$ cat query_19.txt   # compact mmCIF, N, CA and C atoms and all ligand atoms
# COMPACT_ATOMS: atom_id res chain seq x y z
N MET A 1 0.83 -1.20 0.00
CA MET A 1 0.00 0.00 0.00
C MET A 1 0.87 1.25 0.00
N ASN A 2 0.40 2.29 -0.65
CA ASN A 2 1.07 3.59 -0.58
C ASN A 2 0.44 4.39 0.56
N ILE A 3 1.27 4.80 1.50
CA ILE A 3 0.76 5.48 2.70
C ILE A 3 1.45 6.83 2.86
N ALA A 4 0.65 7.88 3.08
CA ALA A 4 1.22 9.22 3.29
C ALA A 4 1.18 9.58 4.77
N LEU A 5 2.27 10.15 5.24
CA LEU A 5 2.41 10.57 6.64
C LEU A 5 2.64 12.08 6.66
N ILE A 6 1.78 12.78 7.38
CA ILE A 6 1.87 14.25 7.42
C ILE A 6 1.55 14.70 8.84
N ALA A 7 2.25 15.73 9.30
CA ALA A 7 1.90 16.31 10.61
C ALA A 7 2.22 17.79 10.62
N HIS A 8 1.34 18.57 11.18
CA HIS A 8 1.65 19.98 11.42
C HIS A 8 2.66 20.05 12.56
N ASP A 9 3.33 21.21 12.67
CA ASP A 9 4.49 21.31 13.57
C ASP A 9 4.21 20.83 15.00
N ASN A 10 3.09 21.27 15.57
CA ASN A 10 2.79 20.89 16.96
C ASN A 10 2.44 19.42 17.13
N LYS A 11 2.27 18.72 16.02
CA LYS A 11 1.88 17.31 16.07
C LYS A 11 2.99 16.39 15.58
N LYS A 12 4.13 16.96 15.21
CA LYS A 12 5.19 16.12 14.63
C LYS A 12 5.73 15.11 15.64
N ASN A 13 5.91 15.54 16.88
CA ASN A 13 6.41 14.59 17.89
C ASN A 13 5.45 13.41 18.03
N ASP A 14 4.15 13.71 18.03
CA ASP A 14 3.15 12.64 18.16
C ASP A 14 3.27 11.65 16.99
N LEU A 15 3.45 12.20 15.79
CA LEU A 15 3.50 11.30 14.62
C LEU A 15 4.79 10.47 14.65
N VAL A 16 5.90 11.08 15.04
CA VAL A 16 7.15 10.32 15.14
C VAL A 16 6.97 9.17 16.13
N GLN A 17 6.33 9.47 17.25
CA GLN A 17 6.08 8.44 18.28
C GLN A 17 5.18 7.33 17.71
N PHE A 18 4.16 7.75 16.99
CA PHE A 18 3.21 6.79 16.41
C PHE A 18 3.90 5.87 15.39
N VAL A 19 4.68 6.50 14.49
CA VAL A 19 5.35 5.71 13.44
C VAL A 19 6.40 4.79 14.08
N THR A 20 7.06 5.26 15.11
CA THR A 20 8.04 4.41 15.81
C THR A 20 7.33 3.18 16.40
N ALA A 21 6.16 3.41 16.98
CA ALA A 21 5.42 2.30 17.60
C ALA A 21 4.96 1.28 16.56
N TYR A 22 4.62 1.74 15.37
CA TYR A 22 4.10 0.84 14.34
C TYR A 22 5.08 0.63 13.19
N LYS A 23 6.35 0.82 13.49
CA LYS A 23 7.39 0.69 12.45
C LYS A 23 7.33 -0.67 11.75
N SER A 24 7.13 -1.73 12.52
CA SER A 24 7.17 -3.07 11.92
C SER A 24 6.01 -3.27 10.94
N THR A 25 4.92 -2.56 11.12
CA THR A 25 3.81 -2.64 10.16
C THR A 25 4.10 -1.74 8.97
N LEU A 26 4.51 -0.52 9.25
CA LEU A 26 4.67 0.47 8.19
C LEU A 26 5.82 0.14 7.25
N GLU A 27 6.84 -0.56 7.74
CA GLU A 27 8.01 -0.82 6.87
C GLU A 27 7.68 -1.81 5.74
N ASP A 28 6.53 -2.46 5.81
CA ASP A 28 6.11 -3.36 4.72
C ASP A 28 5.41 -2.59 3.60
N HIS A 29 5.28 -1.28 3.74
CA HIS A 29 4.53 -0.48 2.77
C HIS A 29 5.41 0.61 2.17
N THR A 30 4.89 1.28 1.14
CA THR A 30 5.64 2.37 0.51
C THR A 30 5.19 3.67 1.16
N LEU A 31 6.14 4.35 1.77
CA LEU A 31 5.78 5.52 2.58
C LEU A 31 6.13 6.83 1.88
N PHE A 32 5.24 7.78 2.02
CA PHE A 32 5.41 9.12 1.47
C PHE A 32 5.17 10.11 2.61
N ALA A 33 5.72 11.32 2.47
CA ALA A 33 5.49 12.33 3.52
C ALA A 33 5.75 13.71 2.95
N THR A 34 5.18 14.71 3.61
CA THR A 34 5.60 16.08 3.31
C THR A 34 7.01 16.27 3.87
N GLY A 35 7.69 17.32 3.37
CA GLY A 35 9.13 17.46 3.58
C GLY A 35 9.65 17.35 5.00
N THR A 36 9.19 18.22 5.87
CA THR A 36 9.75 18.25 7.22
C THR A 36 9.30 17.05 8.04
N THR A 37 8.05 16.68 7.87
CA THR A 37 7.53 15.49 8.57
C THR A 37 8.36 14.27 8.18
N GLY A 38 8.60 14.11 6.88
CA GLY A 38 9.35 12.96 6.40
C GLY A 38 10.76 12.92 6.97
N LEU A 39 11.38 14.09 7.03
CA LEU A 39 12.75 14.17 7.56
C LEU A 39 12.78 13.74 9.03
N ARG A 40 11.83 14.26 9.79
CA ARG A 40 11.77 13.92 11.22
C ARG A 40 11.57 12.41 11.42
N ILE A 41 10.69 11.83 10.60
CA ILE A 41 10.41 10.39 10.75
C ILE A 41 11.64 9.57 10.33
N GLN A 42 12.26 9.99 9.22
CA GLN A 42 13.45 9.28 8.75
C GLN A 42 14.55 9.29 9.81
N GLU A 43 14.77 10.45 10.39
CA GLU A 43 15.83 10.58 11.39
C GLU A 43 15.55 9.68 12.60
N ALA A 44 14.28 9.62 12.99
CA ALA A 44 13.94 8.87 14.21
C ALA A 44 13.83 7.37 13.97
N THR A 45 13.41 6.96 12.77
CA THR A 45 13.09 5.54 12.57
C THR A 45 13.97 4.85 11.52
N LYS A 46 14.67 5.66 10.71
CA LYS A 46 15.48 5.12 9.59
C LYS A 46 14.61 4.45 8.52
N LEU A 47 13.30 4.71 8.56
CA LEU A 47 12.43 4.16 7.51
C LEU A 47 12.72 4.85 6.19
N ASN A 48 12.47 4.13 5.11
CA ASN A 48 12.64 4.68 3.77
C ASN A 48 11.36 5.45 3.40
N ILE A 49 11.48 6.75 3.18
CA ILE A 49 10.28 7.56 2.92
C ILE A 49 10.53 8.47 1.72
N HIS A 50 9.58 8.47 0.78
CA HIS A 50 9.67 9.44 -0.31
C HIS A 50 9.16 10.78 0.20
N ARG A 51 10.02 11.77 0.19
CA ARG A 51 9.63 13.07 0.74
C ARG A 51 9.25 14.05 -0.36
N PHE A 52 8.06 14.64 -0.20
CA PHE A 52 7.63 15.70 -1.10
C PHE A 52 8.08 17.05 -0.54
N GLN A 53 7.61 18.12 -1.16
CA GLN A 53 7.89 19.47 -0.65
C GLN A 53 7.30 19.61 0.76
N SER A 54 7.78 20.59 1.48
CA SER A 54 7.15 20.92 2.75
C SER A 54 5.70 21.36 2.48
N GLY A 55 4.83 21.13 3.45
CA GLY A 55 3.41 21.44 3.26
C GLY A 55 3.14 22.84 2.70
N PRO A 56 3.66 23.89 3.37
CA PRO A 56 3.37 25.25 2.89
C PRO A 56 3.93 25.52 1.49
N LEU A 57 4.86 24.69 1.03
CA LEU A 57 5.46 24.89 -0.30
C LEU A 57 4.87 23.96 -1.36
N GLY A 58 3.77 23.29 -1.02
CA GLY A 58 3.09 22.47 -2.03
C GLY A 58 3.04 20.98 -1.74
N GLY A 59 3.60 20.55 -0.63
CA GLY A 59 3.63 19.11 -0.32
C GLY A 59 2.25 18.48 -0.21
N ASP A 60 1.32 19.20 0.40
CA ASP A 60 -0.05 18.64 0.51
C ASP A 60 -0.65 18.45 -0.90
N GLN A 61 -0.35 19.40 -1.77
CA GLN A 61 -0.89 19.32 -3.13
C GLN A 61 -0.26 18.17 -3.90
N GLN A 62 1.03 17.91 -3.65
CA GLN A 62 1.67 16.78 -4.34
C GLN A 62 1.04 15.46 -3.90
N ILE A 63 0.75 15.35 -2.62
CA ILE A 63 0.09 14.14 -2.14
C ILE A 63 -1.34 14.08 -2.69
N GLY A 64 -1.98 15.25 -2.76
CA GLY A 64 -3.32 15.33 -3.37
C GLY A 64 -3.31 14.85 -4.81
N ALA A 65 -2.25 15.18 -5.54
CA ALA A 65 -2.15 14.74 -6.94
C ALA A 65 -2.10 13.21 -7.01
N MET A 66 -1.40 12.60 -6.07
CA MET A 66 -1.35 11.12 -6.06
C MET A 66 -2.73 10.53 -5.76
N ILE A 67 -3.48 11.21 -4.88
CA ILE A 67 -4.84 10.74 -4.59
C ILE A 67 -5.69 10.82 -5.86
N ALA A 68 -5.55 11.93 -6.57
CA ALA A 68 -6.34 12.12 -7.79
C ALA A 68 -6.00 11.08 -8.86
N GLU A 69 -4.79 10.54 -8.81
CA GLU A 69 -4.39 9.46 -9.73
C GLU A 69 -4.74 8.10 -9.15
N ASN A 70 -5.40 8.10 -8.00
CA ASN A 70 -5.77 6.88 -7.26
C ASN A 70 -4.54 6.05 -6.87
N GLN A 71 -3.46 6.74 -6.55
CA GLN A 71 -2.22 6.04 -6.21
C GLN A 71 -1.90 6.10 -4.72
N MET A 72 -2.77 6.71 -3.95
CA MET A 72 -2.52 6.78 -2.50
C MET A 72 -3.61 5.95 -1.81
N ASP A 73 -3.18 5.07 -0.90
CA ASP A 73 -4.14 4.12 -0.32
C ASP A 73 -4.58 4.48 1.09
N MET A 74 -3.79 5.28 1.77
CA MET A 74 -4.14 5.64 3.15
C MET A 74 -3.34 6.88 3.55
N ILE A 75 -3.97 7.75 4.33
CA ILE A 75 -3.29 8.98 4.77
C ILE A 75 -3.39 9.09 6.28
N ILE A 76 -2.26 9.33 6.90
CA ILE A 76 -2.26 9.67 8.32
C ILE A 76 -1.77 11.11 8.40
N PHE A 77 -2.67 11.99 8.80
CA PHE A 77 -2.39 13.42 8.77
C PHE A 77 -2.77 14.01 10.13
N PHE A 78 -1.77 14.15 10.99
CA PHE A 78 -2.04 14.73 12.31
C PHE A 78 -2.11 16.25 12.16
N ARG A 79 -3.33 16.74 12.09
CA ARG A 79 -3.54 18.19 11.92
C ARG A 79 -3.49 18.88 13.27
N ASP A 80 -3.10 20.13 13.24
CA ASP A 80 -3.13 20.96 14.44
C ASP A 80 -4.38 21.83 14.36
N PRO A 81 -5.40 21.51 15.14
CA PRO A 81 -6.65 22.27 15.03
C PRO A 81 -6.60 23.62 15.73
N LEU A 82 -5.50 23.91 16.41
CA LEU A 82 -5.43 25.14 17.22
C LEU A 82 -4.51 26.20 16.64
N THR A 83 -3.93 25.92 15.49
CA THR A 83 -3.00 26.89 14.90
C THR A 83 -3.39 27.14 13.43
N ALA A 84 -3.50 28.41 13.06
CA ALA A 84 -3.82 28.74 11.67
C ALA A 84 -2.64 28.39 10.77
N GLN A 85 -2.92 27.80 9.63
CA GLN A 85 -1.87 27.40 8.69
C GLN A 85 -1.93 28.32 7.47
N PRO A 86 -0.77 28.80 7.00
CA PRO A 86 -0.78 29.69 5.82
C PRO A 86 -1.33 28.99 4.58
N HIS A 87 -1.22 27.67 4.57
CA HIS A 87 -1.66 26.91 3.39
C HIS A 87 -2.94 26.12 3.70
N GLU A 88 -3.81 26.71 4.50
CA GLU A 88 -5.07 26.05 4.88
C GLU A 88 -5.86 25.56 3.64
N PRO A 89 -5.92 26.35 2.56
CA PRO A 89 -6.67 25.85 1.39
C PRO A 89 -6.11 24.52 0.86
N ASP A 90 -4.79 24.35 0.95
CA ASP A 90 -4.18 23.09 0.48
C ASP A 90 -4.59 21.93 1.38
N VAL A 91 -4.64 22.23 2.69
CA VAL A 91 -5.02 21.19 3.66
C VAL A 91 -6.47 20.77 3.40
N THR A 92 -7.33 21.76 3.21
CA THR A 92 -8.75 21.48 2.93
C THR A 92 -8.89 20.68 1.64
N ALA A 93 -8.10 21.05 0.64
CA ALA A 93 -8.19 20.35 -0.65
C ALA A 93 -7.76 18.89 -0.51
N LEU A 94 -6.75 18.65 0.30
CA LEU A 94 -6.27 17.28 0.51
C LEU A 94 -7.36 16.42 1.18
N VAL A 95 -7.96 16.99 2.21
CA VAL A 95 -9.02 16.26 2.92
C VAL A 95 -10.20 16.01 1.97
N ARG A 96 -10.51 17.00 1.17
CA ARG A 96 -11.62 16.87 0.22
C ARG A 96 -11.35 15.73 -0.77
N LEU A 97 -10.12 15.68 -1.29
CA LEU A 97 -9.81 14.63 -2.27
C LEU A 97 -9.90 13.24 -1.66
N CYS A 98 -9.55 13.13 -0.37
CA CYS A 98 -9.72 11.83 0.30
C CYS A 98 -11.19 11.42 0.26
N ASP A 99 -12.08 12.38 0.43
CA ASP A 99 -13.51 12.07 0.38
C ASP A 99 -13.96 11.76 -1.05
N VAL A 100 -13.40 12.48 -2.02
CA VAL A 100 -13.77 12.22 -3.42
C VAL A 100 -13.42 10.79 -3.80
N TYR A 101 -12.24 10.33 -3.37
CA TYR A 101 -11.74 9.00 -3.79
C TYR A 101 -11.91 7.93 -2.72
N ALA A 102 -12.62 8.28 -1.64
CA ALA A 102 -12.86 7.31 -0.53
C ALA A 102 -11.55 6.73 0.00
N ILE A 103 -10.58 7.59 0.21
CA ILE A 103 -9.29 7.15 0.74
C ILE A 103 -9.32 7.25 2.27
N PRO A 104 -8.99 6.17 2.96
CA PRO A 104 -8.96 6.21 4.43
C PRO A 104 -8.00 7.30 4.93
N LEU A 105 -8.53 8.17 5.78
CA LEU A 105 -7.76 9.32 6.27
C LEU A 105 -7.92 9.42 7.79
N ALA A 106 -6.80 9.44 8.50
CA ALA A 106 -6.85 9.66 9.95
C ALA A 106 -6.27 11.04 10.23
N THR A 107 -7.02 11.88 10.91
CA THR A 107 -6.50 13.22 11.22
C THR A 107 -6.11 13.34 12.69
N ASN A 108 -6.17 12.24 13.43
CA ASN A 108 -5.69 12.27 14.82
C ASN A 108 -5.26 10.86 15.22
N MET A 109 -4.57 10.78 16.37
CA MET A 109 -3.97 9.50 16.74
C MET A 109 -5.01 8.41 17.02
N GLY A 110 -6.16 8.83 17.56
CA GLY A 110 -7.19 7.84 17.87
C GLY A 110 -7.64 7.09 16.63
N THR A 111 -7.88 7.85 15.55
CA THR A 111 -8.32 7.21 14.30
C THR A 111 -7.15 6.48 13.64
N ALA A 112 -5.96 7.05 13.76
CA ALA A 112 -4.79 6.42 13.14
C ALA A 112 -4.56 5.01 13.70
N GLU A 113 -4.78 4.85 15.00
CA GLU A 113 -4.64 3.52 15.63
C GLU A 113 -5.57 2.52 14.93
N ILE A 114 -6.79 2.96 14.71
CA ILE A 114 -7.78 2.06 14.10
C ILE A 114 -7.39 1.73 12.66
N LEU A 115 -6.94 2.73 11.93
CA LEU A 115 -6.53 2.48 10.54
C LEU A 115 -5.36 1.51 10.47
N ILE A 116 -4.40 1.69 11.36
CA ILE A 116 -3.22 0.81 11.33
C ILE A 116 -3.62 -0.63 11.64
N HIS A 117 -4.49 -0.80 12.62
CA HIS A 117 -4.92 -2.16 12.94
C HIS A 117 -5.74 -2.75 11.78
N GLY A 118 -6.51 -1.90 11.11
CA GLY A 118 -7.25 -2.34 9.92
C GLY A 118 -6.28 -2.76 8.82
N LEU A 119 -5.23 -1.99 8.66
CA LEU A 119 -4.20 -2.30 7.66
C LEU A 119 -3.56 -3.65 7.98
N GLU A 120 -3.25 -3.87 9.25
CA GLU A 120 -2.60 -5.11 9.68
C GLU A 120 -3.48 -6.33 9.41
N ARG A 121 -4.79 -6.17 9.57
CA ARG A 121 -5.64 -7.35 9.38
C ARG A 121 -6.25 -7.44 7.99
N GLY A 122 -5.80 -6.57 7.08
CA GLY A 122 -6.18 -6.71 5.67
C GLY A 122 -7.44 -5.97 5.26
N ASP A 123 -7.89 -5.03 6.09
CA ASP A 123 -9.13 -4.30 5.75
C ASP A 123 -8.97 -3.41 4.52
N LEU A 124 -7.73 -3.17 4.11
CA LEU A 124 -7.54 -2.28 2.96
C LEU A 124 -7.27 -3.04 1.66
N LYS A 125 -7.55 -4.35 1.69
CA LYS A 125 -7.30 -5.17 0.49
C LYS A 125 -8.10 -4.66 -0.71
N TRP A 126 -9.25 -4.05 -0.44
CA TRP A 126 -10.08 -3.54 -1.54
C TRP A 126 -9.32 -2.54 -2.40
N ARG A 127 -8.32 -1.91 -1.82
CA ARG A 127 -7.52 -0.97 -2.61
C ARG A 127 -6.76 -1.71 -3.72
N THR A 128 -6.34 -2.94 -3.44
CA THR A 128 -5.62 -3.73 -4.43
C THR A 128 -6.54 -4.01 -5.62
N ILE A 129 -7.82 -4.28 -5.32
CA ILE A 129 -8.79 -4.54 -6.39
C ILE A 129 -8.93 -3.29 -7.26
N ILE A 130 -8.98 -2.12 -6.62
CA ILE A 130 -9.08 -0.86 -7.37
C ILE A 130 -7.86 -0.71 -8.28
N HIS A 131 -6.68 -1.02 -7.75
CA HIS A 131 -5.46 -0.88 -8.57
C HIS A 131 -5.49 -1.85 -9.76
N GLU A 132 -5.96 -3.08 -9.51
CA GLU A 132 -6.01 -4.07 -10.60
C GLU A 132 -6.98 -3.61 -11.69
N LYS A 133 -8.13 -3.08 -11.24
CA LYS A 133 -9.16 -2.60 -12.19
C LYS A 133 -8.59 -1.45 -13.02
N GLN A 134 -7.90 -0.55 -12.31
CA GLN A 134 -7.30 0.61 -12.97
C GLN A 134 -6.27 0.16 -14.01
N GLY A 135 -5.46 -0.86 -13.63
CA GLY A 135 -4.44 -1.40 -14.54
C GLY A 135 -5.08 -1.95 -15.80
N LYS A 136 -6.21 -2.68 -15.64
CA LYS A 136 -6.90 -3.27 -16.81
C LYS A 136 -7.43 -2.16 -17.72
N GLU A 137 -8.00 -1.12 -17.09
CA GLU A 137 -8.53 0.00 -17.88
C GLU A 137 -7.43 0.69 -18.68
N ASN A 138 -6.22 0.69 -18.10
CA ASN A 138 -5.09 1.32 -18.79
C ASN A 138 -4.36 0.35 -19.72
N GLY A 139 -4.96 -0.88 -19.87
CA GLY A 139 -4.38 -1.86 -20.78
C GLY A 139 -3.09 -2.49 -20.29
N GLU A 140 -2.89 -2.52 -18.97
CA GLU A 140 -1.65 -3.10 -18.44
C GLU A 140 -1.82 -4.59 -18.17
O1 LIG A 201 2.25 21.60 6.58
C1 LIG A 201 2.14 20.41 6.50
C2 LIG A 201 0.87 19.77 6.15
O2 LIG A 201 -0.15 20.68 5.85
C3 LIG A 201 3.30 19.53 6.77
O3 LIG A 201 4.43 19.99 6.11
P1 LIG A 201 5.86 19.62 6.66
O4 LIG A 201 5.90 18.15 6.86
O5 LIG A 201 6.84 20.05 5.62
O6 LIG A 201 6.02 20.40 7.95
$ encode --input "query_19.txt" --output "structure tokens"
Amino acid sequence: MNIALIAHDNKKNDLVQFVTAYKSTLEDHTLFATGTTGLRIQEATKLNIHRFQSGPLGGDQQIGAMIAENQMDMIIFFRDPLTAQPHEPDVTALVRLCDVYAIPLATNMGTAEILIHGLERGDLKWRTIIHEKQGKENGE
């Protein structure tokens, strides 16, 4: 599965802690992140992560583009609900695209726990079917 990891500044420590706790699950997947979040996670866990631009510089939009191509299977995005973000429209657009494409999205640790356990027990297998269907439509 392709999984995106994103956290606003006040939530980065929480996400690093979360990814460290579930490293053995997450290392079986292809991980993506916005710039600073990805760096923090890489430094702490040594996981292999494809890093996009920092959020305010377009990282959320780059992840959104992958969603629009149906190439992102799950998003863990620890948002900071108490701090205004200069790129709030990008954040809103990312969340919206998750709804457009029915992509599982956790915006806090409580939901992220549930998504990870769902991932571990195969609840996201339907995404593989979507990818296979998409491949057939593209003649692959
Ligand atoms: O701002 C972000 C998400 O909206 C996260 O970006 P960084 O990971 O670069 O801090």
$ atom_distance --input "query_19.txt" --atom1 "CA of Tyr101 in chain A" --atom2 "atom N of His8 in chain A"
22.1 Å
$ residues_near_ligand --input "query_19.txt" --ligand "ligand LIG 201 (chain A)" --cutoff "7 Å" --atoms "all atoms listed in the file" --output "PDB file with N, CA and C atoms, keeping the file's coordinate frame"
ATOM      1  N   LEU A   5       2.270  10.150   5.240  1.00  0.00           N
ATOM      2  CA  LEU A   5       2.410  10.570   6.640  1.00  0.00           C
ATOM      3  C   LEU A   5       2.640  12.080   6.660  1.00  0.00           C
ATOM      4  N   ILE A   6       1.780  12.780   7.380  1.00  0.00           N
ATOM      5  CA  ILE A   6       1.870  14.250   7.420  1.00  0.00           C
ATOM      6  C   ILE A   6       1.550  14.700   8.840  1.00  0.00           C
ATOM      7  N   ALA A   7       2.250  15.730   9.300  1.00  0.00           N
ATOM      8  CA  ALA A   7       1.900  16.310  10.610  1.00  0.00           C
ATOM      9  C   ALA A   7       2.220  17.790  10.620  1.00  0.00           C
ATOM     10  N   HIS A   8       1.340  18.570  11.180  1.00  0.00           N
ATOM     11  CA  HIS A   8       1.650  19.980  11.420  1.00  0.00           C
ATOM     12  C   HIS A   8       2.660  20.050  12.560  1.00  0.00           C
ATOM     13  N   ASP A   9       3.330  21.210  12.670  1.00  0.00           N
ATOM     14  CA  ASP A   9       4.490  21.310  13.570  1.00  0.00           C
ATOM     15  C   ASP A   9       4.210  20.830  15.000  1.00  0.00           C
ATOM     16  N   ALA A  33       5.720  11.320   2.470  1.00  0.00           N
ATOM     17  CA  ALA A  33       5.490  12.330   3.520  1.00  0.00           C
ATOM     18  C   ALA A  33       5.750  13.710   2.950  1.00  0.00           C
ATOM     19  N   THR A  34       5.180  14.710   3.610  1.00  0.00           N
ATOM     20  CA  THR A  34       5.600  16.080   3.310  1.00  0.00           C
ATOM     21  C   THR A  34       7.010  16.270   3.870  1.00  0.00           C
ATOM     22  N   GLY A  35       7.690  17.320   3.370  1.00  0.00           N
ATOM     23  CA  GLY A  35       9.130  17.460   3.580  1.00  0.00           C
ATOM     24  C   GLY A  35       9.650  17.350   5.000  1.00  0.00           C
ATOM     25  N   THR A  36       9.190  18.220   5.870  1.00  0.00           N
ATOM     26  CA  THR A  36       9.750  18.250   7.220  1.00  0.00           C
ATOM     27  C   THR A  36       9.300  17.050   8.040  1.00  0.00           C
ATOM     28  N   THR A  37       8.050  16.680   7.870  1.00  0.00           N
ATOM     29  CA  THR A  37       7.530  15.490   8.570  1.00  0.00           C
ATOM     30  C   THR A  37       8.360  14.270   8.180  1.00  0.00           C
ATOM     31  N   GLY A  38       8.600  14.110   6.880  1.00  0.00           N
ATOM     32  CA  GLY A  38       9.350  12.960   6.400  1.00  0.00           C
ATOM     33  C   GLY A  38      10.760  12.920   6.970  1.00  0.00           C
ATOM     34  N   LEU A  39      11.380  14.090   7.030  1.00  0.00           N
ATOM     35  CA  LEU A  39      12.750  14.170   7.560  1.00  0.00           C
ATOM     36  C   LEU A  39      12.780  13.740   9.030  1.00  0.00           C
ATOM     37  N   PHE A  52       8.060  14.640  -0.200  1.00  0.00           N
ATOM     38  CA  PHE A  52       7.630  15.700  -1.100  1.00  0.00           C
ATOM     39  C   PHE A  52       8.080  17.050  -0.540  1.00  0.00           C
ATOM     40  N   GLN A  53       7.610  18.120  -1.160  1.00  0.00           N
ATOM     41  CA  GLN A  53       7.890  19.470  -0.650  1.00  0.00           C
ATOM     42  C   GLN A  53       7.300  19.610   0.760  1.00  0.00           C
ATOM     43  N   SER A  54       7.780  20.590   1.480  1.00  0.00           N
ATOM     44  CA  SER A  54       7.150  20.920   2.750  1.00  0.00           C
ATOM     45  C   SER A  54       5.700  21.360   2.480  1.00  0.00           C
ATOM     46  N   GLY A  55       4.830  21.130   3.450  1.00  0.00           N
ATOM     47  CA  GLY A  55       3.410  21.440   3.260  1.00  0.00           C
ATOM     48  C   GLY A  55       3.140  22.840   2.700  1.00  0.00           C
ATOM     49  N   PRO A  56       3.660  23.890   3.370  1.00  0.00           N
ATOM     50  CA  PRO A  56       3.370  25.250   2.890  1.00  0.00           C
ATOM     51  C   PRO A  56       3.930  25.520   1.490  1.00  0.00           C
ATOM     52  N   LEU A  57       4.860  24.690   1.030  1.00  0.00           N
ATOM     53  CA  LEU A  57       5.460  24.890  -0.300  1.00  0.00           C
ATOM     54  C   LEU A  57       4.870  23.960  -1.360  1.00  0.00           C
ATOM     55  N   GLY A  59       3.600  20.550  -0.630  1.00  0.00           N
ATOM     56  CA  GLY A  59       3.630  19.110  -0.320  1.00  0.00           C
ATOM     57  C   GLY A  59       2.250  18.480  -0.210  1.00  0.00           C
ATOM     58  N   ASP A  60       1.320  19.200   0.400  1.00  0.00           N
ATOM     59  CA  ASP A  60      -0.050  18.640   0.510  1.00  0.00           C
ATOM     60  C   ASP A  60      -0.650  18.450  -0.900  1.00  0.00           C
ATOM     61  N   HIS A  87      -1.220  27.670   4.570  1.00  0.00           N
ATOM     62  CA  HIS A  87      -1.660  26.910   3.390  1.00  0.00           C
ATOM     63  C   HIS A  87      -2.940  26.120   3.700  1.00  0.00           C
ATOM     64  N   ASP A  90      -4.790  24.350   0.950  1.00  0.00           N
ATOM     65  CA  ASP A  90      -4.180  23.090   0.480  1.00  0.00           C
ATOM     66  C   ASP A  90      -4.590  21.930   1.380  1.00  0.00           C
ATOM     67  N   VAL A  91      -4.640  22.230   2.690  1.00  0.00           N
ATOM     68  CA  VAL A  91      -5.020  21.190   3.660  1.00  0.00           C
ATOM     69  C   VAL A  91      -6.470  20.770   3.400  1.00  0.00           C
TER      70      VAL A  91
END
$ closest_atom_pairs --input "query_19.txt" --of "range 18-84 of chain A" --to "range 113-121 of chain A" --cutoff "12 Å" --atoms "only C-alpha atoms" --output "CSV"
residue,atom,partner,partner_atom,distance
A:Phe18,CA,A:Glu113,CA,8.5
A:Val19,CA,A:Ile116,CA,10.1
A:Ala21,CA,A:Glu113,CA,10.3
A:Tyr22,CA,A:Ile116,CA,7.9
A:Lys23,CA,A:Ile116,CA,10.7
A:Ser24,CA,A:Glu120,CA,10.2
A:Thr25,CA,A:Glu120,CA,6.9
A:Leu26,CA,A:Ile116,CA,8.5
A:Glu27,CA,A:Glu120,CA,11.8
A:Asp28,CA,A:Glu120,CA,10.2
A:His29,CA,A:Leu119,CA,10.2
A:Asp73,CA,A:Leu119,CA,10.2
A:Met74,CA,A:Leu115,CA,8.4
A:Ile75,CA,A:Leu115,CA,9.3
A:Ile76,CA,A:Leu115,CA,8.7
A:Phe77,CA,A:Leu115,CA,11.8
A:Phe78,CA,A:Glu113,CA,12.0
$ write_last_selection --input "query_19.txt" --atoms "N, CA and C atoms" --output "short mmCIF file (atom, residue, chain, number, x, y, z; two decimals), keeping the file's coordinate frame"
data_model
loop_
_atom_site.label_atom_id
_atom_site.label_comp_id
_atom_site.auth_asym_id
_atom_site.auth_seq_id
_atom_site.Cartn_x
_atom_site.Cartn_y
_atom_site.Cartn_z
N PHE A 18 4.16 7.75 16.99
CA PHE A 18 3.21 6.79 16.41
C PHE A 18 3.90 5.87 15.39
N VAL A 19 4.68 6.50 14.49
CA VAL A 19 5.35 5.71 13.44
C VAL A 19 6.40 4.79 14.08
N ALA A 21 6.16 3.41 16.98
CA ALA A 21 5.42 2.30 17.60
C ALA A 21 4.96 1.28 16.56
N TYR A 22 4.62 1.74 15.37
CA TYR A 22 4.10 0.84 14.34
C TYR A 22 5.08 0.63 13.19
N LYS A 23 6.35 0.82 13.49
CA LYS A 23 7.39 0.69 12.45
C LYS A 23 7.33 -0.67 11.75
N SER A 24 7.13 -1.73 12.52
CA SER A 24 7.17 -3.07 11.92
C SER A 24 6.01 -3.27 10.94
N THR A 25 4.92 -2.56 11.12
CA THR A 25 3.81 -2.64 10.16
C THR A 25 4.10 -1.74 8.97
N LEU A 26 4.51 -0.52 9.25
CA LEU A 26 4.67 0.47 8.19
C LEU A 26 5.82 0.14 7.25
N GLU A 27 6.84 -0.56 7.74
CA GLU A 27 8.01 -0.82 6.87
C GLU A 27 7.68 -1.81 5.74
N ASP A 28 6.53 -2.46 5.81
CA ASP A 28 6.11 -3.36 4.72
C ASP A 28 5.41 -2.59 3.60
N HIS A 29 5.28 -1.28 3.74
CA HIS A 29 4.53 -0.48 2.77
C HIS A 29 5.41 0.61 2.17
N ASP A 73 -3.18 5.07 -0.90
CA ASP A 73 -4.14 4.12 -0.32
C ASP A 73 -4.58 4.48 1.09
N MET A 74 -3.79 5.28 1.77
CA MET A 74 -4.14 5.64 3.15
C MET A 74 -3.34 6.88 3.55
N ILE A 75 -3.97 7.75 4.33
CA ILE A 75 -3.29 8.98 4.77
C ILE A 75 -3.39 9.09 6.28
N ILE A 76 -2.26 9.33 6.90
CA ILE A 76 -2.26 9.67 8.32
C ILE A 76 -1.77 11.11 8.40
N PHE A 77 -2.67 11.99 8.80
CA PHE A 77 -2.39 13.42 8.77
C PHE A 77 -2.77 14.01 10.13
N PHE A 78 -1.77 14.15 10.99
CA PHE A 78 -2.04 14.73 12.31
C PHE A 78 -2.11 16.25 12.16
#
$ atom_distance --input "query_19.txt" --atom1 "CA of Lys12 in chain A" --atom2 "CA of Val100 in chain A"
26.5 Å
$ closest_residue --input "query_19.txt" --among "A:Gly110, A:Gly122, A:Gly58, A:Gly135" --to "Asn70 in chain A" --atoms "only C-alpha atoms"
A:Gly135
$ atom_distance --input "query_19.txt" --atom1 "atom N of Glu140 in chain A" --atom2 "atom N of Met1 in chain A"
19.4 Å
$ axis_aligned_box --input "query_19.txt" --around "range 77-88 of chain A" --padding-each-side "6 Å" --output "JSON"
{"center_x": -3.7, "center_y": 20.8, "center_z": 10.3, "size_x": 17.9, "size_y": 29.7, "size_z": 25.8}
